[in-house]
Amino acid sequence: MTSLDSKISHAFAKDGALAQCIDGYDEREVQTEMALAVGKAIEEKQQLVVEAQTGTGKTFAYLISAMLSGAKTIVSTGTKALQDQLYYKDLPLVKKALNTPIKTALLKGRANYLCIDRFRKLQQQGASHNDQVEHDLIQIKRWSGHTLSGDLGDVPGVNESSMAFSLVTSSSDNCSGKKCEHYDDCYLLRARRLAMDADLIVVNHHLFFADMALKDTGFGELIPSSEMVIFDEAHQIPDIACGYFGESLSTKTIKELAVDISHVYYSELKDTKQLLKAAEIVQRCSDQLRLVFAHNGERGDWGQALKRNDVKGAFEQLNANLDFMYQVIKISLGRSENLDNCFERLLDVKSRLDKFKSGDKVGFSFWYEASRNHLQLNISPLSIADKFYQHTKTLDSAWLFTSATLKVDDKFDHFTAQLGIKSPQTLSLDSPFDYQKQSLFCVPRYFSEPANPNYIDQLAQTTQVLIEASNGGVLILVTSFSTLNRLQAKLVNQIDQTLLVQGDDSKQALLNAFVEDGDAVLLATSSFWEGVDIRGDALRCVIIDKLPFASPDDPLLKARLDDKKKQGVEGFDAVQVPQAVISLKQGAGRLIRDVNDHGALVLCDTRMITRPYGRIFLQSLPDMKRTRDLKQVIDYLEQL
């Protein structure tokens, strides 16, 4: 046993560091096993892939091993919420237990920090906003007087999705860099400096891959080099990484550029009326391009969209007026430092927009996404395996990839192939929970398949019966907003319990309300399939509408399926099934979060039983007691 192994084993022992720091500490064999494997990976600079099921205690396992090893470590989490939890809750506890003076830092992306320059300019302009934005800006102003970090996540009383945040943050496009008069006080730079000096840095996957893409272009790094890189919630990496190894351009970026050029006209160059005219025309053209798509948003294949006359016309009009703006600014170059900076941004916008004149390139998917206010054009690689493999080779580091959901059909092959990970060490750790005693799983008999017109009515009736049996405490996870809206309409006047619905409030506010009520019903989709940790009696039943296959209309998925077809591979088995298996494992994992939890999981999709691929889904779920009889589930819930 090495010196590090001995330190790790002692930390997790019954009388070790954690036991002395945590009341009611219970030694877990699987947690120590993972910690020792992480320690070995650090010492031997291995790539280690670990599926650690719920209850394993993987966070403490990797934190303690990394800190005891003395290796400079980057920990990357799936979301900002997990990032904050790890930094403000888990890390302080581990530091206290180990009694170590290790330097730690929290680093987020640019859009999370107050930009002093943009905030002051906004106040000087005195522009009018709607009541909610005005309220949020007042809250930000009060908070800005005493914040040390500038992290907008700390602003009290402001929803995380507030439009006010986009007004007071910078982007890589509009940041003035060293030319900014507030450069020395910049919150973002302060956070980066602290990260450079830290022994352990907590980031998120978006920031990690933004940094990796920057290094790929030869520009400066946001994240320092390290001896250990840890990816928690690693199942999210392939999809997130794809977004950073392509190209994207939003009409929001173009409009922000036009607004900044207008500001230069009003504050410095009022004798150049063409400047204002060009800015106003570009703003209008950006809006017109957005408006040729559905009002409530849509996404699709950009190459196909360009064949439409209205899309092609609006796109060409925007290009032409960006050329006009280019000619206008060129005449005034050298008269204003701010305008010169805008000119550089314009060149970048034009360069990126040029790439979307054609909607086709081998190995890439061209797609668009129209939100309520903006249109984003994207070019995404169909695979990042080669790129990621090359990156891991250039860093002389150990790597840990861990999540509760990495295996498909009891193998890691799907995950490792997506990232180009070759011959890694692998470890699979079962949950310490007794699923046979703590839970019941049911795929009800005689259910219509999801494509049947009667399916939604049957789903609503079954859901209502289960809510009555459990007296609430139900989380309903559906695979689309369409199903969410239809199910909400059918349940809203049919149940006595409080019905909470995704979209009515922030995710955290809904979860808090659900727990505080104790007997509520929460109806949700998308982001609630993972990162939801409800322990105790507040959650007694999870209902899932159907197997979570990605929409066949998704342009990136279609491109991947076409690519597999060219390779002679069945895309459904190679792409759609593995993705859906991971998603289902995440959704099912919401039910049992503690050794004292009990509950029922009901999947209303008989394809799990009737289709050949159902075996893979069934095998991927925890070893729950199983039944096809809905009456058994009703009796079970009534007893709870």
# chains A, B, ... in the order shown; residues from 1 in each chain; ligands from 1

call {"tool": "residues_around", "arguments": {"residues": "region 451-460 of chain A", "least_positions_apart": "2", "cutoff": "10 Å", "atoms": "only C-alpha atoms", "output": "PyMOL selection string"}}
result
chain A and resi 447-449+462-466+483+486-491+494+543-546+604-605

call {"tool": "write_last_selection", "arguments": {"atoms": "N, CA and C atoms", "output": "compact mmCIF listing (two decimals), in the first residue's frame"}}
result
# COMPACT_ATOMS: atom_id res chain seq x y z
N PHE A 447 -51.51 -0.76 -21.70
CA PHE A 447 -51.35 0.66 -22.00
C PHE A 447 -51.18 0.85 -23.51
N SER A 448 -51.78 1.89 -24.06
CA SER A 448 -51.60 2.21 -25.47
C SER A 448 -50.17 2.66 -25.70
N GLU A 449 -49.64 2.45 -26.91
CA GLU A 449 -48.31 2.97 -27.23
C GLU A 449 -48.39 4.49 -27.39
N THR A 462 -54.23 7.47 -15.52
CA THR A 462 -53.31 6.69 -14.68
C THR A 462 -52.61 7.60 -13.67
N THR A 463 -52.17 8.77 -14.15
CA THR A 463 -51.48 9.72 -13.27
C THR A 463 -52.40 10.16 -12.14
N GLN A 464 -53.65 10.45 -12.46
CA GLN A 464 -54.62 10.89 -11.46
C GLN A 464 -54.83 9.82 -10.39
N VAL A 465 -54.95 8.56 -10.82
CA VAL A 465 -55.13 7.44 -9.89
C VAL A 465 -53.94 7.31 -8.95
N LEU A 466 -52.74 7.43 -9.51
CA LEU A 466 -51.52 7.30 -8.69
C LEU A 466 -51.37 8.47 -7.72
N THR A 483 -46.50 17.51 -24.38
CA THR A 483 -47.13 16.59 -23.43
C THR A 483 -47.36 17.29 -22.10
N ARG A 486 -50.50 19.50 -22.37
CA ARG A 486 -51.74 18.72 -22.49
C ARG A 486 -52.08 18.02 -21.17
N LEU A 487 -51.05 17.52 -20.50
CA LEU A 487 -51.27 16.83 -19.22
C LEU A 487 -51.69 17.83 -18.14
N GLN A 488 -51.08 19.00 -18.15
CA GLN A 488 -51.45 20.04 -17.19
C GLN A 488 -52.93 20.41 -17.33
N ALA A 489 -53.38 20.57 -18.58
CA ALA A 489 -54.78 20.94 -18.84
C ALA A 489 -55.74 19.88 -18.31
N LYS A 490 -55.33 18.60 -18.37
CA LYS A 490 -56.21 17.52 -17.93
C LYS A 490 -56.19 17.32 -16.40
N LEU A 491 -55.06 17.71 -15.74
CA LEU A 491 -54.94 17.47 -14.31
C LEU A 491 -55.38 18.65 -13.45
N GLN A 494 -58.59 18.35 -11.72
CA GLN A 494 -58.97 16.98 -11.36
C GLN A 494 -58.30 16.47 -10.10
N ILE A 543 -43.38 9.37 -12.03
CA ILE A 543 -44.07 8.87 -13.21
C ILE A 543 -43.35 9.41 -14.45
N ILE A 544 -42.97 8.52 -15.36
CA ILE A 544 -42.32 8.91 -16.61
C ILE A 544 -43.24 8.55 -17.76
N ASP A 545 -43.48 9.51 -18.66
CA ASP A 545 -44.47 9.25 -19.72
C ASP A 545 -44.00 8.20 -20.72
N LYS A 546 -42.79 8.35 -21.24
CA LYS A 546 -42.34 7.38 -22.23
C LYS A 546 -40.81 7.35 -22.31
N CYS A 604 -44.88 4.70 -18.29
CA CYS A 604 -46.11 4.43 -19.07
C CYS A 604 -45.80 4.20 -20.55
N ASP A 605 -44.88 3.30 -20.82
CA ASP A 605 -44.48 3.02 -22.20
C ASP A 605 -44.23 1.52 -22.35

call {"tool": "residues_around", "arguments": {"residues": "Leu207 (chain A)", "least_positions_apart": "6", "cutoff": "12 Å", "atoms": "only C-alpha atoms", "output": "list in words"}}
result
Ile74, Val75, Ser76, Thr77, Gly78, Thr79, Lys80, Gln83, Leu106, Leu107, Lys108, Gly109, Arg110, Ala111, Asn112, Arg192, Ile201, Ala213, Leu214, Glu221, Leu222, Ile223, Ile237, Ile240, Ala241, Gly243 and Tyr244 of chain A

call {"tool": "write_last_selection", "arguments": {"atoms": "C-alpha atoms", "output": "PDB file, in the first residue's frame"}}
result
ATOM      1  CA  ILE A  74      -9.584  21.037 -11.910  1.00  0.00           C
ATOM      2  CA  VAL A  75     -13.060  19.789 -10.999  1.00  0.00           C
ATOM      3  CA  SER A  76     -15.660  20.364 -13.717  1.00  0.00           C
ATOM      4  CA  THR A  77     -19.372  19.943 -12.926  1.00  0.00           C
ATOM      5  CA  GLY A  78     -22.415  19.664 -15.179  1.00  0.00           C
ATOM      6  CA  THR A  79     -24.222  22.832 -14.074  1.00  0.00           C
ATOM      7  CA  LYS A  80     -23.621  26.098 -12.240  1.00  0.00           C
ATOM      8  CA  GLN A  83     -20.698  23.986  -9.118  1.00  0.00           C
ATOM      9  CA  LEU A 106     -14.523  29.053  -8.088  1.00  0.00           C
ATOM     10  CA  LEU A 107     -14.451  30.099 -11.741  1.00  0.00           C
ATOM     11  CA  LYS A 108     -17.487  30.659 -13.954  1.00  0.00           C
ATOM     12  CA  GLY A 109     -18.015  31.926 -17.472  1.00  0.00           C
ATOM     13  CA  ARG A 110     -17.958  35.611 -18.390  1.00  0.00           C
ATOM     14  CA  ALA A 111     -21.763  35.917 -18.422  1.00  0.00           C
ATOM     15  CA  ASN A 112     -21.889  35.227 -14.655  1.00  0.00           C
ATOM     16  CA  ARG A 192      -9.265  34.188 -13.165  1.00  0.00           C
ATOM     17  CA  ILE A 201     -10.378  24.990  -9.112  1.00  0.00           C
ATOM     18  CA  ALA A 213     -11.611  25.711 -27.840  1.00  0.00           C
ATOM     19  CA  LEU A 214      -9.654  28.918 -27.112  1.00  0.00           C
ATOM     20  CA  GLU A 221      -6.275  30.209 -21.502  1.00  0.00           C
ATOM     21  CA  LEU A 222      -8.991  30.775 -18.911  1.00  0.00           C
ATOM     22  CA  ILE A 223      -8.125  27.659 -16.933  1.00  0.00           C
ATOM     23  CA  ILE A 237     -19.707  16.087 -21.876  1.00  0.00           C
ATOM     24  CA  ILE A 240     -21.741  20.180 -24.435  1.00  0.00           C
ATOM     25  CA  ALA A 241     -18.338  19.796 -26.099  1.00  0.00           C
ATOM     26  CA  GLY A 243     -21.067  23.248 -29.148  1.00  0.00           C
ATOM     27  CA  TYR A 244     -17.532  24.527 -28.638  1.00  0.00           C
TER      28      TYR A 244
END

call {"tool": "closest_residue", "arguments": {"among": "A:Gln619, A:Thr610, A:Gln418, A:Thr479", "to": "Asp239 (chain A)", "atoms": "only C-alpha atoms"}}
result
A:Gln418

call {"tool": "residues_around", "arguments": {"residues": "Gln376 (chain A)", "least_positions_apart": "3", "cutoff": "6 Å", "atoms": "only C-alpha atoms", "output": "short mmCIF file (atom, residue, chain, number, x, y, z; two decimals) with N, CA and C atoms, in the first residue's frame"}}
result
data_model
loop_
_atom_site.label_atom_id
_atom_site.label_comp_id
_atom_site.auth_asym_id
_atom_site.auth_seq_id
_atom_site.Cartn_x
_atom_site.Cartn_y
_atom_site.Cartn_z
N LEU A 249 -23.44 31.86 -34.31
CA LEU A 249 -23.65 33.31 -34.39
C LEU A 249 -25.12 33.58 -34.11
N SER A 250 -25.37 34.50 -33.21
CA SER A 250 -26.74 34.85 -32.84
C SER A 250 -27.08 36.26 -33.31
N TYR A 368 -30.21 25.67 -37.02
CA TYR A 368 -30.60 26.94 -36.42
C TYR A 368 -31.52 26.68 -35.23
N GLU A 369 -31.56 27.64 -34.34
CA GLU A 369 -32.50 27.59 -33.22
C GLU A 369 -33.08 28.98 -33.01
#

call {"tool": "select_by_dssp", "arguments": {"residues": "region 203-320 of chain A", "states": "strand (DSSP E or B)", "output": "list in words"}}
result
Val203, Asn204, Met228, Val229, Ile230, Phe231, Asp232, Glu247, Ser248, Leu249, Ser250, Glu298, Arg299, Gly300 and Asp301 of chain A

call {"tool": "residues_around", "arguments": {"residues": "Ala19 (chain A)", "least_positions_apart": "2", "cutoff": "12 Å", "atoms": "only C-alpha atoms", "output": "ChimeraX atom specification"}}
result
/A:10-17,21-28,93-94,96-98

call {"tool": "closest_residue", "arguments": {"among": "A:Asn373, A:Ser69, A:Ser332, A:Thr627", "to": "Leu603 (chain A)", "atoms": "only C-alpha atoms"}}
result
A:Thr627

call {"tool": "residues_around", "arguments": {"residues": "region 395-411 of chain A", "least_positions_apart": "3", "cutoff": "6 Å", "atoms": "only C-alpha atoms", "output": "number ranges by chain"}}
result
A: 42, 45-53, 227-235, 392, 582, 616

call {"tool": "write_last_selection", "arguments": {"atoms": "N, CA, C and O atoms", "output": "PDB file, in the first residue's frame"}}
result
ATOM      1  N   ILE A  42      -4.184   9.229 -10.161  1.00  0.00           N
ATOM      2  CA  ILE A  42      -3.349  10.428 -10.018  1.00  0.00           C
ATOM      3  C   ILE A  42      -1.874  10.055 -10.031  1.00  0.00           C
ATOM      4  O   ILE A  42      -1.061  10.662 -10.743  1.00  0.00           O
ATOM      5  N   LYS A  45      -1.036   8.670 -13.519  1.00  0.00           N
ATOM      6  CA  LYS A  45      -1.512   9.522 -14.622  1.00  0.00           C
ATOM      7  C   LYS A  45      -2.377   8.730 -15.609  1.00  0.00           C
ATOM      8  O   LYS A  45      -2.175   8.742 -16.814  1.00  0.00           O
ATOM      9  N   GLN A  46      -3.358   8.055 -15.039  1.00  0.00           N
ATOM     10  CA  GLN A  46      -4.264   7.225 -15.832  1.00  0.00           C
ATOM     11  C   GLN A  46      -5.518   8.010 -16.231  1.00  0.00           C
ATOM     12  O   GLN A  46      -5.826   9.057 -15.664  1.00  0.00           O
ATOM     13  N   GLN A  47      -6.250   7.440 -17.194  1.00  0.00           N
ATOM     14  CA  GLN A  47      -7.611   7.886 -17.477  1.00  0.00           C
ATOM     15  C   GLN A  47      -8.545   6.875 -16.822  1.00  0.00           C
ATOM     16  O   GLN A  47      -8.487   5.681 -17.129  1.00  0.00           O
ATOM     17  N   LEU A  48      -9.388   7.367 -15.929  1.00  0.00           N
ATOM     18  CA  LEU A  48     -10.259   6.494 -15.143  1.00  0.00           C
ATOM     19  C   LEU A  48     -11.724   6.873 -15.402  1.00  0.00           C
ATOM     20  O   LEU A  48     -12.093   8.043 -15.306  1.00  0.00           O
ATOM     21  N   VAL A  49     -12.529   5.890 -15.742  1.00  0.00           N
ATOM     22  CA  VAL A  49     -13.960   6.099 -15.981  1.00  0.00           C
ATOM     23  C   VAL A  49     -14.740   5.333 -14.911  1.00  0.00           C
ATOM     24  O   VAL A  49     -14.590   4.111 -14.789  1.00  0.00           O
ATOM     25  N   VAL A  50     -15.551   6.049 -14.130  1.00  0.00           N
ATOM     26  CA  VAL A  50     -16.259   5.433 -13.004  1.00  0.00           C
ATOM     27  C   VAL A  50     -17.754   5.719 -13.079  1.00  0.00           C
ATOM     28  O   VAL A  50     -18.171   6.881 -13.081  1.00  0.00           O
ATOM     29  N   GLU A  51     -18.562   4.654 -13.163  1.00  0.00           N
ATOM     30  CA  GLU A  51     -20.000   4.821 -12.951  1.00  0.00           C
ATOM     31  C   GLU A  51     -20.260   4.535 -11.482  1.00  0.00           C
ATOM     32  O   GLU A  51     -20.124   3.400 -11.024  1.00  0.00           O
ATOM     33  N   ALA A  52     -20.597   5.585 -10.743  1.00  0.00           N
ATOM     34  CA  ALA A  52     -20.849   5.472  -9.306  1.00  0.00           C
ATOM     35  C   ALA A  52     -22.315   5.805  -9.069  1.00  0.00           C
ATOM     36  O   ALA A  52     -22.713   6.971  -9.163  1.00  0.00           O
ATOM     37  N   GLN A  53     -23.111   4.808  -8.782  1.00  0.00           N
ATOM     38  CA  GLN A  53     -24.550   5.015  -8.668  1.00  0.00           C
ATOM     39  C   GLN A  53     -24.909   5.839  -7.440  1.00  0.00           C
ATOM     40  O   GLN A  53     -24.106   6.025  -6.524  1.00  0.00           O
ATOM     41  N   GLU A 227      -2.588  18.840 -12.922  1.00  0.00           N
ATOM     42  CA  GLU A 227      -2.090  17.467 -12.868  1.00  0.00           C
ATOM     43  C   GLU A 227      -3.242  16.461 -12.788  1.00  0.00           C
ATOM     44  O   GLU A 227      -3.045  15.275 -13.005  1.00  0.00           O
ATOM     45  N   MET A 228      -4.452  16.973 -12.488  1.00  0.00           N
ATOM     46  CA  MET A 228      -5.627  16.107 -12.366  1.00  0.00           C
ATOM     47  C   MET A 228      -6.853  16.859 -12.878  1.00  0.00           C
ATOM     48  O   MET A 228      -7.111  17.985 -12.471  1.00  0.00           O
ATOM     49  N   VAL A 229      -7.595  16.225 -13.791  1.00  0.00           N
ATOM     50  CA  VAL A 229      -8.839  16.800 -14.292  1.00  0.00           C
ATOM     51  C   VAL A 229      -9.972  15.839 -13.944  1.00  0.00           C
ATOM     52  O   VAL A 229      -9.918  14.655 -14.286  1.00  0.00           O
ATOM     53  N   ILE A 230     -10.985  16.367 -13.246  1.00  0.00           N
ATOM     54  CA  ILE A 230     -12.120  15.547 -12.815  1.00  0.00           C
ATOM     55  C   ILE A 230     -13.395  16.080 -13.456  1.00  0.00           C
ATOM     56  O   ILE A 230     -13.739  17.250 -13.296  1.00  0.00           O
ATOM     57  N   PHE A 231     -14.103  15.215 -14.188  1.00  0.00           N
ATOM     58  CA  PHE A 231     -15.406  15.564 -14.759  1.00  0.00           C
ATOM     59  C   PHE A 231     -16.491  14.846 -13.962  1.00  0.00           C
ATOM     60  O   PHE A 231     -16.593  13.624 -14.022  1.00  0.00           O
ATOM     61  N   ASP A 232     -17.265  15.614 -13.194  1.00  0.00           N
ATOM     62  CA  ASP A 232     -18.445  15.047 -12.548  1.00  0.00           C
ATOM     63  C   ASP A 232     -19.631  15.246 -13.498  1.00  0.00           C
ATOM     64  O   ASP A 232     -19.626  16.161 -14.305  1.00  0.00           O
ATOM     65  N   GLU A 233     -20.656  14.394 -13.399  1.00  0.00           N
ATOM     66  CA  GLU A 233     -21.757  14.412 -14.371  1.00  0.00           C
ATOM     67  C   GLU A 233     -21.166  14.322 -15.794  1.00  0.00           C
ATOM     68  O   GLU A 233     -21.546  15.065 -16.702  1.00  0.00           O
ATOM     69  N   ALA A 234     -20.257  13.381 -15.971  1.00  0.00           N
ATOM     70  CA  ALA A 234     -19.494  13.273 -17.227  1.00  0.00           C
ATOM     71  C   ALA A 234     -20.360  12.860 -18.411  1.00  0.00           C
ATOM     72  O   ALA A 234     -19.959  13.067 -19.568  1.00  0.00           O
ATOM     73  N   HIS A 235     -21.546  12.318 -18.166  1.00  0.00           N
ATOM     74  CA  HIS A 235     -22.416  11.901 -19.283  1.00  0.00           C
ATOM     75  C   HIS A 235     -22.841  13.098 -20.140  1.00  0.00           C
ATOM     76  O   HIS A 235     -23.251  12.928 -21.284  1.00  0.00           O
ATOM     77  N   THR A 392      -6.329  15.467 -24.616  1.00  0.00           N
ATOM     78  CA  THR A 392      -5.871  14.721 -23.442  1.00  0.00           C
ATOM     79  C   THR A 392      -4.412  14.311 -23.597  1.00  0.00           C
ATOM     80  O   THR A 392      -3.680  14.203 -22.607  1.00  0.00           O
ATOM     81  N   ILE A 582     -29.309   6.526 -21.249  1.00  0.00           N
ATOM     82  CA  ILE A 582     -28.685   7.430 -20.276  1.00  0.00           C
ATOM     83  C   ILE A 582     -29.740   8.358 -19.670  1.00  0.00           C
ATOM     84  O   ILE A 582     -29.776   8.586 -18.453  1.00  0.00           O
ATOM     85  N   ILE A 616     -32.350  -3.579 -23.160  1.00  0.00           N
ATOM     86  CA  ILE A 616     -31.226  -2.713 -22.790  1.00  0.00           C
ATOM     87  C   ILE A 616     -31.673  -1.677 -21.759  1.00  0.00           C
ATOM     88  O   ILE A 616     -30.967  -1.398 -20.788  1.00  0.00           O
TER      89      ILE A 616
END
